[in-house]
Each structure stands twice: as structure tokens, then as C-alpha cells.
There are 4 protein chains.
Amino acid sequence: MAGRNFVFVPGPSNVPDRIIRSMAVQMEDHRSPKFPKLIKEIIPGLKKLYRTEHGTPFIFPSSGTGCWEAAITNTLSPGDKVLASNFGQFSYLWIDMCQRFGLDVQGLDVEWGTGIPIEQYADILRKDTGHQIKAVLACQNETATGVASDVAAVRKALDDAKHPALLFVDCVSSLGSIEFRFDDWGVDMAVSGSQKGLMLPPGLGILCASPKALALQSTAKLPRCYFDLKDMLATNPSGYFPYTPAIPLMYGLIESLKMIEEEGLDNIIARHHYLAAGARAAAIEGWGLKLCAKEPKWYSDTITAVMVPEGFNGADVIAQAYKRYNVSLGAGLSKVAGKLFRLGHLGDMNEVHLSAGIMGAEMAMLDCGIKVKPGSGLAAASEYWRKNPQPSGLAIR
Amino acid sequence: MAGRNFVFVPGPSNVPDRIIRSMAVQMEDHRSPKFPKLIKEIIPGLKKLYRTEHGTPFIFPSSGTGCWEAAITNTLSPGDKVLASNFGQFSYLWIDMCQRFGLDVQGLDVEWGTGIPIEQYADILRKDTGHQIKAVLACQNETATGVASDVAAVRKALDDAKHPALLFVDCVSSLGSIEFRFDDWGVDMAVSGSQKGLMLPPGLGILCASPKALALQSTAKLPRCYFDLKDMLATNPSGYFPYTPAIPLMYGLIESLKMIEEEGLDNIIARHHYLAAGARAAAIEGWGLKLCAKEPKWYSDTITAVMVPEGFNGADVIAQAYKRYNVSLGAGLSKVAGKLFRLGHLGDMNEVHLSAGIMGAEMAMLDCGIKVKPGSGLAAASEYWRKNPQPSGLAIR
Amino acid sequence: MAGRNFVFVPGPSNVPDRIIRSMAVQMEDHRSPKFPKLIKEIIPGLKKLYRTEHGTPFIFPSSGTGCWEAAITNTLSPGDKVLASNFGQFSYLWIDMCQRFGLDVQGLDVEWGTGIPIEQYADILRKDTGHQIKAVLACQNETATGVASDVAAVRKALDDAKHPALLFVDCVSSLGSIEFRFDDWGVDMAVSGSQKGLMLPPGLGILCASPKALALQSTAKLPRCYFDLKDMLATNPSGYFPYTPAIPLMYGLIESLKMIEEEGLDNIIARHHYLAAGARAAAIEGWGLKLCAKEPKWYSDTITAVMVPEGFNGADVIAQAYKRYNVSLGAGLSKVAGKLFRLGHLGDMNEVHLSAGIMGAEMAMLDCGIKVKPGSGLAAASEYWRKNPQPSGLAIR
Amino acid sequence: MAGRNFVFVPGPSNVPDRIIRSMAVQMEDHRSPKFPKLIKEIIPGLKKLYRTEHGTPFIFPSSGTGCWEAAITNTLSPGDKVLASNFGQFSYLWIDMCQRFGLDVQGLDVEWGTGIPIEQYADILRKDTGHQIKAVLACQNETATGVASDVAAVRKALDDAKHPALLFVDCVSSLGSIEFRFDDWGVDMAVSGSQKGLMLPPGLGILCASPKALALQSTAKLPRCYFDLKDMLATNPSGYFPYTPAIPLMYGLIESLKMIEEEGLDNIIARHHYLAAGARAAAIEGWGLKLCAKEPKWYSDTITAVMVPEGFNGADVIAQAYKRYNVSLGAGLSKVAGKLFRLGHLGDMNEVHLSAGIMGAEMAMLDCGIKVKPGSGLAAASEYWRKNPQPSGLAIR
């Protein structure tokens, strides 16, 4: 088919050409004297990305899902109580995993379109004076609904209650795109993956563990082997791995971290906000539609989930965008299936690239009979972009 | 810098990922028994592309400019008279080359924004009863002004005058994008390059020669060696080259011809027209601006040159599009410097990809103070695209 | 550093350039309507590779180790008894994993340099009339010692004892290189990885499960989530995955399976034998050294482990080969550390490529003071190759 | 076909993976404000490579042959006398080109296997008191016979005769591999290409011109346009080109020059000598054969041409090496067709890589009935390498 496929699913995100190049490597011995150079280039960059001094990053040949598993199996035992909330497909799936591993999940059902119910968490933690709750799960950015939650506030709730529970954060679709502070927020396990803000293909699960979390390895009774941090801790410090690592992705990760360093993490976060604000302007002011995220405080800067008007099916818009315009939008999942389409704008993205996605969605909506005004999406988005300071990462120097 | 650079210069055009992949080859012996397989895969595809049965395609490690030189030095002698017209930078440069080689050029100065003056050509040819004119030069698509000319009409003028002059066509920015018929139009030398409709990087000059042109080698007195077709004719038929060919580009060319075959040349031409019509709608109906091409009959389907309003400098728009939006537009050259910007839409392109270019140009114009209505470009373009049948190459099957 | 690094570790193996190219892909939506095409191209090829009609192949973003875990956690429950034998680092590690998961391993300690003790297995199975043993583990090719075992004989022992235990095979370094017959040998779980005979980078764990093994999912009590086959079975048949798959490696796998189809699995197996026989001739006849594999029946066709003479350290040879000749040899692990070096010759390999490895090892030995005769390794290897029929995959047609 | 094709033709040479990666670039505007960065990174590296302060390097989308043409057409006029000698296919072809351009070539026929006849040159120049000779041609490394000539001595002959003729050197297969000193040797035009010591694919012609050569542009009457240095001089200094440059190769050239800088030109030259000495030891001491180069003073360090014994045909050896062992050797051309095979060892090469080529040639000779002793080639080569200091570029630090 002629022309480029434009990918606006909220991951896998676009991989910059220089990262694609960096991964086109021939194999090498992963036990050679030179191999440790790789991990030694990677770890400091990951620590900066997580904004941590005392955390320990790990990389697994896996998806982010694997690191959800690593987070719980390395710290908890069957029957342990965890506090979590379900406000989208991905926050739900982590709860489901905990249950499969025999954890006792207190899972709050929260309206989709909102995020972590801080007050409720605070209340529950305050009342849990016996400290039955061993871990609190926080999905920082719910990819299914385009909702970002306030992880710092979860930490505050824990601190206010003087509660010792571990804080586990799913930052799969936020790390490297939305502010995340491992140390400042007292995070114990932060789960991510390669295919979002890191602009890599899928295939690497990325995890950061606090000393407190690592100390629980000896008591954690959940069985584990592939995701056992012990084996990583026994080999990583000298530069090796317990089993063959995903070599090309490691070279890609080095390049990705180099790009992040070049642009600057603060600039990247500012850029994501600026681009997302344009996308929201397109949807709300341009097209006159609603977002799935109920209030501005829930707005995600990596993904915009746009509600289609009553009487229309979001899946039709997505199908039309794909079939006629070669634009991949994200679907509504589970509870919100058919009600929305999602426009991911994370990673390697700029104004005109995002314009292609907005235009694809607009033309697809019009083709489906949704009466938005032609050109209105980009009229609004471009006005936002033109009238606001451009983040430094976008300007050509 | 974050985000993709969007290239809308009228060449080099975007190279599809599968072509980039196809060229990442290790070297091989260009005199091996297997090497002839390459050229044998290439030649039939090039003949289909040129729509020729009796023409002979040649590929040189060179730019298209090199093939201009091959065309004239293999057929003409110093002092030979050629008829040509100058209506843009590239039609001018070919005339300049002829003069440097000592040819006697009758060069008609034509208003930039128009193309080959068919009536004048017809008149001159009719009057040249002594057949002093040995060759007629026709620049099918003047990249500098976005003007397409009627090559079939040039052939008709020659035929009507029963004039034996050779017909040389520069189809660098039209071959594989705009209708070109080597045999039907009685073309004798057709000059192209890799970096336009063939969607390859620059580095290959491509030429097609008629038997009539080839027969002139023995009498042509212009000196030549690198571009001597004799050496190619002595080696190509058995699959080899007189000097080391540009191997990676040959693999890229095989892939490019495969893509062209898959989409179908007629479909590709229809797609270029459809996309170009959208771009023109954006400029004329959306922004209310004029094209450099004076009349619809001159409109090029590979490149749209948009005049900026009086009092503005096209170079400022181009600079702003590049610096702020990472969009590469083509500049006004020579006579039209500062008066326009050019939007190339040839090769691997679809509606949303082109939308990025239109949006980049629109935002840059607004930033420069040109009062176009925000969103108006894509409102007009998208209405055109949505209301017209989509060429089959764009639909996902 | 100048010159190519020659990799002769027994995995990751050399990745052919066309596979490297095939993986240099831009991202796409793994939930798009076109995505199922990928897995549908992969599964039939994997089934042919495993020589199975009724087995179900799975691919995980993981290493082969992950599939060891998938094999046991999807079929067994804590306390289940498994029969295994330890005759090298990798057969040992699988036992270790079973123990970590609370299985009751009857692990036979066998002399390193030999393989699965068929008689002992037969005896134990015959005596296990209560069928306490739920699974028998077989490491077909022990990469640490260069020993291949007879999996068909294990099946026969099970059948002779009319024993219903599952048969689990680690064919990580044999699949696609050494004869493996999933159906004929009644294998229930066959574990492999991308970075050996499949000639891909590491990053994919590959598993094949029998209907009998799949039927145990409901009763298997070992906890699992990332490696839960249930989620794969719920999504794979329609072409999707429970979490983001490792997209580039899937394209690489398609290309790898295409190459295997082109050469023919039988031809590939013959080629591995032919090359390995040359390597063994170099070691035994040329250099006069011993292999770690005690008898010809244990010889592996993917990896040759060469014992260094008394008084020398294999690690010195490996270090010298790497530092001076840029040749990566495999080290002796655990019990055989220092006693040998390993030369991997699996995957994309031919006579002269292997010659580079043999020469690197020979020069390194000489540099370390081991008195082998210069040129003797390749004298013997080349005589073997020249005097034996060349497998069809190596001849240029 | 299984296994890597090993290329030992004397160009195109092996392209290191990092250079292949560097060229997998998307297109960009070659008139953008950033584009000049490319040539500005290239020129200083090329000057170091040529060891010149006052020379001006040029790069053309062409083969090296194109730069032969550039050298003569930019400096000479029809009828100008040039002194040259023919001792191989490539020195012959340059003479042929001069004749096609109407130059008056005094071409000395010298025995193939020897090189530039310094005494004869000296004599002729001394006697040419009227300075009829305008240029002296010197093919530094005759790729067809593996003969290197003494360019410094040609300069001395010119100086001794106080002769003002230009000195043109073909250093296509020597630049970046064998000592070359543009300034010290008073070279006026030095012609090279991308596909030899620069380790790039073919597609770039590389030329270096002295101020004296450049000053002749206004008087040189040979017609030229594509290869006219005037257009390059008008655009290169600001970072641009008169026509679209071969963008991917320019990125490759940047990477190549970086690799040359990293290893160090002196080290590279030493490495080529060391590897070549091993290849010669294989041929002469190991196999007991003769080289085409008659005496050690003619030995080339980039290519070894080995004479096959009477009664055998070198072409058979080459065909067998290719068909059975997938090794590409260079053929005997013209006068030496059938009498030899050529082993190129220039560019990215180390001991074990070259071993593969030596072994391929040895096995092919044996298969053809040439009675060399199995293993003897590498016995001799490896003894040379092991007993001589390894150039620093080969050692892993």
C-alpha cells in the first residue's frame, strides 16, 4: 500500500530512525569482557529517567506485563493484601494478575474517566492500623481512558497514615513522557516497558526497585524464577545477565537514553504537555467533543481518548481511519468499547506529525457521519501551538 | 531534535522503509556469476515504467544531471542546433549544459509559470525545413515552478512538421508519478533519477534511449567516456557494468520497481493527481493564494509551488517551517526566489502525510504574518479528498 | 577496532543480513486488522520446524529460560515429582528452576561429557509403578559440554514402562539444527529460543505444547501469569497476543522460517553434521586433542567443546582468541571451567566461516603455549569437507 | 544459500556493520540550513586521509572512473600530451580514456607484474625539454596484478627534470590502505572511490586537486559539465552541491572517516601490510606458488594476485571457490586472464577473516587438482602473524 502508516496507538510508539539503525547489530558474546559496557551505559540513564539515586533498575526480555509480575512476586506472599483501583483496562489487568497469584486485592471500582481516588486511598490506609495492606498499586497513566493520576498524592496518603505499605507504580505509558519521581515520591516498584516513552520496539520490560522492596526478596513467598531479581542482582553488577539478554534492544536503549539526555527530560515532559494540549484543543474546542477523562485534572499528556457522540460507534471511526487513511488509532477497550477512539501522542512526536493523526481522525469521523467542521480540529490545535511557547526540543537550533 | 523531519521538497522524496531495508546490503563481487540477476530484474521494470518496448534503459552511478550529459554527448556533435525553452531553473540548467558542450541552442525564454510553448515549437520546427535542429529538449515537469508540459504535443509538432529531430525529455520529477509514454510519444532520450518517483535516495541517474538515438553513437562527436553508452551496451546485456555499479541502490531499485508493480503504474499516477488536487485545493480555495503555475493546464501533480502574497518573502515561510515545525519545503529558485514556496508530494505519500506538510506551511505562513485562516488549508484539501474516489493504492485491502 | 568480530559462542548465533534487514521495521498497531497476518505466517513454519501436526507453538517476549518456566508452571503443581539429569550447566539450571518452584526433582548426577542416562531413566520409570513421576526432563543438546542426547530413546523408555509422565525437552540449542521430532517422539513441551538455530537475536522464547500438556492447565497449581498459556490460547488463534509482542523479532522469525523452508530442514540438519564433523576432525585429528563429549554417540552437531591439555587453562585460550583475534569462543562453565573451550557452529554457517573460528582457536592455543601443529586444524577439517559430499544448502546454484 | 558470502575481490570491500547502519537514513532536503554540516564533517577527514593541507577534495555521485574523467577534463585540452604506462587492466583503462578525450598519450607498455618504470619516466621527462608533456599518470596500485608503484619516485623524476607536468595519481585501491602523501609527493590530481579502503559501497568518486591543478580550469578546453569542478567550487564551500548528492553515502563517509580516525591512518597502513604479508606467506611459502608481482618491491598490500601453476586455469579456481565455498576471489583480467586469482585484503579485515579467504582459495585449488599441501597456506600465514607484532588496530583494548 502506498504511503506511510501513521501510528497513533498509545504504544508501540514511533521509533526514531536513529534508534532503528542502532538496533541493526550483528550478535556478540553476551559473556565477553566487553559486554558489561552495555549495561554500564544503560543503568545511569535509566536512573536519571526514573529520577532516582537509590533505586535499582532492571531490564528483562519481556513486555511491561512481565515487570508487573516481577514487582509482586519479588516482594509479596500468597494471601498478602494489596490496595488497588480499577478505572481502565490496564489498572484492571494488574489487579487480575494479583488475584491469579493469590493476593488478597482490595480493588476499588472507580468510574472510568477518573483516576486513583486519593481520598478513598487515604481513608483506607488511615483505617488500616494493623497494616494488613502490604502494597498499594497505582497506575499513573491509564492508557485505556487517557487518565493520569497523582502518584505524589498516594505517597502523601501513605505518609499521612504513617503506613508502611509498599508503593507500586505502573508507569508504562508515562515514564519518559509525564513527570515521574521515583525517589521523591517514595516509589518501591516502578514498572515500565520499552515501547512507549522510550521510543523502542516492544520486547524489554523495565523495572525500578527501591532498597525497601529489594529487602523483601528473602521473605517473599510467591514463586518466581524468570523474573527473580536475585539472579539479576547476582549478575548485573558485573555487567552480565542470568540468561541471554535481548541484545539489539539494549543497543536501542542506549540510543534512546542518549536522545533523552540530548533533549533533556524536563523538555521532553514539557513537549508532551504542549502536544497533548493541542490534541485536546482539537477535540474539545475544534470538534466540540468530550474526552473520556472527566476533568482537566485527569488529562493525560501521552494519550487523548475522545468520546464519539451518542449514536456513533468509535470502532467505526477507527476502522475508517485505518482502512482509508492508514492511520492507526487506539480502540476503546472493555467498558468503553465503541464509545471512544484514542490518539496516542507519546515519544517521538512533533506538531505536524500529530497533525496527521488529528486529520486522520477528523476525516474518518466525517466519513462516519459525525458532523464536525472540516479543518476545525487543526484550526484549534494549531492556534494553541502557535500561541504558546514551543518546547525547546522541537526547535531546530 | 524531537520528532520526525517531514520532507516536502520535490526530491529527494521519502524513501519507504522497505526500500531502506532493501539497501542495507553487504557488498558482493560485481563480476560474480550471480550478479547479472540484478540488472535482469531491473530492466524489465524500468521498461514498464517508461512504457517502452523498444527503448533501452541505462543506470549510472550519478545524479539525473549526469544523464542530461549522457543524452546529449552520445548523440550530438559540437555546433549541433537544439531547440529548447527556459521556464524554470531546471529547464534553464539543461540549456546551460548544452551551451557548455558547444551546442547551438535556440533557447526560448518563456514566462515562468508556463511550460513548453507548443505553438512556438511547432512554428520553429515547421520553418526549419533544412532540419538544422538536431534535437528538441522538453522538460516535462519543471520542478522549480510546479509546471507540467505536454510532451505528446511536442511529438505532434515534430510529426506535423515531418521533422527528424531527436526528442529529449527531462522526466526527472515526473517519471513514475505523471503519465509518461516513451514509445507512444516517440521519445529518444528520457532522463530521470532515483530520488523522485522511484522513492530511492539520490545516486542513480536513469536514462532511456531509443534505437534512433543509439544509432547516433558512431557519429556523435561530443567527447564522452564515463557516460558513454557504448561501454554500457558492451556489458549490460550480459549483466555487468563497465565500472563498479552503485550496488545498494540497485537493490533499492529492484524493491522500488516491485512496489510500483504492486500498486500499478496507472494507480500511482491517479494517486499523484488526487493528492496534488488536495494540495491545490488547500492553496487556492483554502488559503486563497495563487500558484506559480498560471493555468490549470500547467499544474504539476508532483509539486505545488504556492505564491506568497505581495510584501512577504517565501524564504521566510520556508525558514519558519523548517526551524519551528521541522518541515522541509522547497525554495523559490532564481527568478522566483522569495516569491513562492514549493510543496513536493511525489513518491511515497498519502493524505495524512501530505496533511502534515500543508499544516506546516500554514502555521509557518501565519507565523510570518500571512493572514490565512487557520485550518482552512486542510479544510479544503480534506473536502476534496473525502468527496473524490480514493485511488486504489491508498486503500488498505 | 578493525575487522569483524567472529562469533563462535553457541548462541547467540550469527544473524544473516537478510534477517537483520527484516527486523528494521517501524512500529505498527498490534491490534490492527492486519496484524494477525504475522502470527499466521509464523505458526505453520514453527510446526514444520518442530515436525508436529498436533502440537501448538507459542512465542513469548522472553529468553528460552522463560519457556522452561512456561513448560512447568502450565502443567505441574507444587510437590509434583519430575525426573531429570544433570550433565552440564543448562541441564542443571532447569533442575534448579524446578526446585525453586517447589517441584520434587529426582535429579540424576551424570558425568559431564555424557548425556541422558537412558538405562537409568528406563529403570526408574519401570519401577515408578505408582506413576509418581509427572514429568521427565530431557536436555537434547547440552550447550555447556557439546553433548547431544537421544530423546527418542527417552520416549521409548516411557513407552516401554507404559508410563504416562509428560516428556519435556529443552531443544534450545538443537531445534532447527539437529533432528527433532515433536510428534514422533511424543514430546509434550519443547522449549527453544530465537538466538540459536533460528538465527535471530535473543528476545523470543519459543515453546511447543502437546494437547496432553495443554489439557493440564486447569489442574496445574503452579502460579503463573506472564507465561500463562491460557491467555495466549485466548488470543493467538485470532492473531493477537495478551500483551504487546516483540514486533521486530516476529518479522525476523518470518524471514528465518522462510530461509529454513528455502534450504530445507533435512538439508540444514545435514549441513550442521557436515560442518561439525569438520570441527571435530580439526580438534581430534588435527590438533590431537580430546572433546568434552566422551564418545561419538554424544557428539553434538551444533557445538564442539574441546578439552585443553593438562596444565593449560581454557580461559586463557578464550581470552587470547578474543583479545588478539577478535574471535568469541564459549567458556567452560561450572565443573568444566578452565578445562575446555567451546566452538559453536550452529545457524548461518559454512566451511570458510567455520575455518575462521578454527584458525582463531588454533592461533590462540599456540600463543598460550599449547603445542598444536600450525595449520593442522584446518588441514584435517578441510580434508573432511573436501572428501565428503557437500550438503545442498552450501552449494551456489 | 546458507552461510555468509565471503568477499575477497579487491573492491567492493567489506562494509563494516556500523557503516551499513549509518547509511540507513531517511531523506532530507539537500538545500536545508543543516545540510552543510555534512560536507563540513567530511572535508577535514578527507584531507587527513590524503595527507594534504593545500589540496581540495571533491566527492561525486559516480564511480572512481568518473574521477579519472574529472581529473583530465578539468586540466587538459585536446591534443595535450600525457605520459603514462600500461601494466594492468586499470592503468590501461585510464590511458584508453585519455585517448577517447583526444589526448596524445605516450603510453609505455610495461611487463604486467611490474609497475611504473621510474627510470624510463625519468629519462623521458629529462628529454622533454620543451615541456610538451602536460601530465604524468601514475597508477599507484594496479588492482589487476597486485602491483604497487613508487609515486614518490615519479615526483622525484619530475623534480630532477625540473619538469612542470602535472602528476595525476590513481589511488583507487590504495588510498586509506597504502601510504599516500598528496602534499609531500606533489600530487596534482588524486583519484579514488568509496568502495575500497574507505569501506563503503560503490557510488562515490573521490578526487583531490592541487591549487596548481585547479588553476588550469580556465585554460582546460576539454568539455565537461557533470564533472566540472567549477560548479563544485561554487557550491561546496557553503556546504552545498551543484546537483543532488548521494546522501546515504555521505553519512557512510562520515562514519568511515570516523573509523579511520579512531584506528589511526598509520595503524591502518601497518595493518594492511601485516595482513598482506600473511597472505603472501600463504601463497609463496605455504603453497609454493608465485605472485603476479615479479619482485617484492612491487608487492601490493591491498591485493595479492597468485599465479596458478602451468596447466591450470585460474578461472576454474575462482569458479570453484565461489560455487562450493561461497568465496569471491578476483579474476585475472585481459593479459593475465586464467593465469591467476586475486585475493583482496583491503579495508575492514583481520587475521581470521583473511583466513577464510585463504582457506577458500586453498580448498578450491585442491578441488581443481592443484597439489598444494592441505593447511599449508594458513600454517605459513598464521606463523607470520603470530611471530610479528600485531598492529594496534587489531587488538581489543
# chains A, B, ... in the order shown; residues from 1 in each chain; ligands from 1
>>> interface_residues(of="chain D", to="chain C", cutoff="6 Å", atoms="only C-alpha atoms", output="number ranges by chain")
D: 1-3, 323-324, 348-350, 352, 355-356, 374-375, 378-379, 393-396
>>> residues_around(residues="stretch 69-72 of chain B", least_positions_apart="6", cutoff="9 Å", atoms="only C-alpha atoms", output="PDB file with C-alpha atoms, in the first residue's frame")
ATOM      1  CA  TRP B  94      19.892  21.808 -19.254  1.00  0.00           C
ATOM      2  CA  MET B  97      24.824  22.354 -20.177  1.00  0.00           C
ATOM      3  CA  CYS B  98      24.176  22.208 -23.913  1.00  0.00           C
ATOM      4  CA  PHE B 101      29.229  21.418 -24.651  1.00  0.00           C
ATOM      5  CA  ALA B 135      17.264  17.734 -31.070  1.00  0.00           C
ATOM      6  CA  PHE B 168      14.884  14.558 -25.462  1.00  0.00           C
ATOM      7  CA  ASP B 188      14.512   9.435 -27.989  1.00  0.00           C
ATOM      8  CA  MET B 189      16.226  10.145 -24.719  1.00  0.00           C
ATOM      9  CA  ALA B 190      14.361  10.271 -21.411  1.00  0.00           C
ATOM     10  CA  VAL B 191      16.363  11.396 -18.422  1.00  0.00           C
ATOM     11  CA  LEU B 207      18.163   7.098 -18.889  1.00  0.00           C
ATOM     12  CA  CYS B 208      16.112   5.520 -21.624  1.00  0.00           C
ATOM     13  CA  ALA B 209      17.334   5.672 -25.221  1.00  0.00           C
ATOM     14  CA  ALA B 213      19.267   7.725 -30.504  1.00  0.00           C
ATOM     15  CA  ALA B 220      28.229  11.865 -32.262  1.00  0.00           C
ATOM     16  CA  LEU B 222      30.968  15.170 -28.340  1.00  0.00           C
ATOM     17  CA  ARG B 224      32.455  11.156 -23.501  1.00  0.00           C
ATOM     18  CA  TYR B 226      32.043   7.902 -18.101  1.00  0.00           C
ATOM     19  CA  PHE B 227      28.668   8.465 -19.742  1.00  0.00           C
ATOM     20  CA  ASP B 228      29.493   6.622 -22.946  1.00  0.00           C
ATOM     21  CA  LEU B 229      26.599   4.307 -23.717  1.00  0.00           C
TER      22      LEU B 229
ATOM     23  CA  ARG D 224      32.822  18.904 -19.107  1.00  0.00           C
ATOM     24  CA  CYS D 225      29.758  19.627 -17.102  1.00  0.00           C
ATOM     25  CA  TYR D 226      28.793  16.843 -14.698  1.00  0.00           C
TER      26      TYR D 226
END
>>> closest_residue(among="B:Pro245, B:Gly66, B:Pro78, B:Gly146", to="D:Leu204", atoms="only C-alpha atoms")
B:Pro245
>>> atom_distance(atom1="atom CA of C:Ser77", atom2="atom CA of C:Leu103")
7.4 Å
>>> residues_around(residues="D:Val9", least_positions_apart="6", cutoff="6 Å", atoms="only C-alpha atoms", output="list in words")
Leu329, Gly330 and Gly344 of chain D
>>> select_by_dssp(residues="stretch 268-382 of chain B", states="helix (DSSP H, G or I)", output="JSON, numbers by chain")
{"B": [268, 269, 270, 271, 272, 273, 274, 275, 276, 277, 278, 279, 280, 281, 282, 283, 284, 285, 286, 296, 297, 298, 314, 315, 316, 317, 318, 319, 320, 321, 322, 323, 324, 325, 334, 335, 336, 351, 352, 353, 354, 355, 356, 357, 358, 359, 360, 361, 362, 363, 364, 365, 366, 367, 376, 377, 378, 379, 380, 381, 382]}
>>> select_by_dssp(residues="stretch 2-100 of chain C", states="strand (DSSP E or B)", output="list in words")
Phe6, Val7, Phe8, Thr56, Pro57, Phe58, Ile59, Phe60, Pro61, Lys81, Val82, Leu83, Ala84, Ser85 and Asn86 of chain C
>>> closest_residue(among="D:Gln99, D:Ser218, D:Asn141, D:Gln195", to="B:Gln26", atoms="only C-alpha atoms")
D:Gln195
